[in-house]
Amino acid sequence: MRVLIGGGSGFVGRELTRLLKNKGHEVTIISRQPGLGKITWGELESGGLPPCEAAVNLSGENLMNPLRWWNEGYRKDLFSSRVDTTTILAQAIAGSPSPPHAWVLVTGVACYKPSLTAQYTEDSEWTPFDLLSRLVKEWEWAGRLPENIAQNTRQVVIRPGVVLGRDGGAMKQMMTPFWLGLGGTLGSGRQPFPWIHVSDLAGIIAHAMEPSPDTPSAVPQVFNGVAPALNTNYEFTKELGRVLRRPTVFPVPGFVIDALMGSERAIVLTQGQKVEPKRTLESGFQYQYPDLSSALKEIVGS
């Protein structure tokens, strides 16, 4: 199978590329820079979609980039890097004489309103309530294909939680303070912490590309890209400390996180959602790392 990946050089993209190549698939990455096995976004716009059986978009400015101050320019970049690339790729698919059989867009669980009690599945209804949920709404809408194309191309939206892995993502920033014994809960620690191991997220994306007996629909099929375990930030903190054999006695107050990251961004850390991968499990996907202990042991090499 020939697979086209937007954002294939990022944290999740690298893992997905490795998995697909190990399965014998051919991968082309859409990148800002030309190179072997790559096309640029400009080439995609001008030359159209290259031959492929599946297309994926993982592009987007890192929400938790510690080097970017939370301001209007950064907020615009968060939207444009996701919405614009998704629009370009969706339009290329719609304009292709032989569109792929699968179109997978990876967004996020920020569409679900943070709550200590509510539990969300892929069937949960939602409406935008803040900046990040509005981003998800625009992002997913940009990926919609025209009805005549959607009859032959299966549309899938995957909404991951916090992606954990050895080579990037949230763990990259957390490991140093935890190794130094300075790790602790964020805010109250009671907030839900929807997470997934990067290998499982890549697996769900690859699983979603496989031919399906279901008739393609004008409405994308949604999969929650989270582990089946429902954990809190406190449980994550204590388990990471246990695996690293380090104390976790330095909680970070919510107001400090707000001040450092900006309140609209800090909500990802200080609040959370209980998200279930109901449809993901029903589809037959088998998790490699369904619980925190197995995931964190793999990541830290314990």
# chains A, B, ... in the order shown; residues from 1 in each chain; ligands from 1
>>> select_by_dssp(residues="stretch 86-272 of chain A", states="alpha helix (DSSP H)", output="NGL selection string")
:A and (86-94 or 131-142 or 147-150 or 169-179 or 198-209 or 233-244 or 254-261 or 263-270)
>>> closest_atom_pairs(of="stretch 73-119 of chain A", to="stretch 55-65 of chain A", cutoff="12 Å", atoms="only C-alpha atoms", output="tab-separated table")
residue	atom	partner	partner_atom	distance
A:Gly73	CA	A:Glu61	CA	11.8
A:Tyr74	CA	A:Glu61	CA	8.8
A:Arg75	CA	A:Leu63	CA	9.1
A:Lys76	CA	A:Glu61	CA	10.0
A:Asp77	CA	A:Glu61	CA	6.6
A:Leu78	CA	A:Glu61	CA	5.4
A:Phe79	CA	A:Gly60	CA	8.1
A:Ser80	CA	A:Gly60	CA	8.2
A:Ser81	CA	A:Gly60	CA	4.8
A:Arg82	CA	A:Gly60	CA	4.8
A:Val83	CA	A:Gly60	CA	8.6
A:Asp84	CA	A:Gly60	CA	9.6
A:Thr85	CA	A:Ser59	CA	6.9
A:Thr86	CA	A:Asn57	CA	6.6
A:Thr87	CA	A:Asn57	CA	10.2
A:Ile88	CA	A:Asn57	CA	10.3
A:Leu89	CA	A:Asn57	CA	7.8
A:Ala90	CA	A:Ala55	CA	9.3
A:Ala92	CA	A:Ala55	CA	10.4
A:Ile93	CA	A:Ala55	CA	8.4
A:Ala94	CA	A:Ala55	CA	12.0
A:Pro99	CA	A:Ala55	CA	9.3
A:Pro100	CA	A:Ala55	CA	6.8
A:His101	CA	A:Ala55	CA	8.6
A:Ala102	CA	A:Ala55	CA	6.4
A:Trp103	CA	A:Ala55	CA	4.9
A:Val104	CA	A:Val56	CA	4.7
A:Leu105	CA	A:Asn57	CA	5.2
A:Val106	CA	A:Leu58	CA	5.8
A:Thr107	CA	A:Leu58	CA	7.9
A:Gly108	CA	A:Leu58	CA	10.8
A:Ala110	CA	A:Leu63	CA	11.7
>>> select_by_dssp(residues="stretch 105-275 of chain A", states="strand (DSSP E)", output="ChimeraX atom specification")
/A:105-106,119-120,154-160,162-165,168,195-197,221-225,274-275
>>> closest_residue(among="A:Val243, A:Val156, A:Met209, A:Val256", to="A:Gln221", atoms="only C-alpha atoms")
A:Val156
>>> closest_residue(among="A:Ile204, A:Leu186, A:Ile30, A:Ala227", to="A:Gly254", atoms="only C-alpha atoms")
A:Leu186
>>> residues_around(residues="stretch 111-114 of chain A", least_positions_apart="5", cutoff="6 Å", atoms="only C-alpha atoms", output="PyMOL selection string")
chain A and resi 133+271-273
>>> residues_around(residues="A:Thr17", least_positions_apart="4", cutoff="8 Å", atoms="only C-alpha atoms", output="list in words")
Gly8, Gly13, Lys21 and Val27 of chain A
>>> residues_around(residues="A:Val219", least_positions_apart="4", cutoff="12 Å", atoms="only C-alpha atoms", output="ChimeraX atom specification")
/A:140-141,143-147,149-151,153-157,215
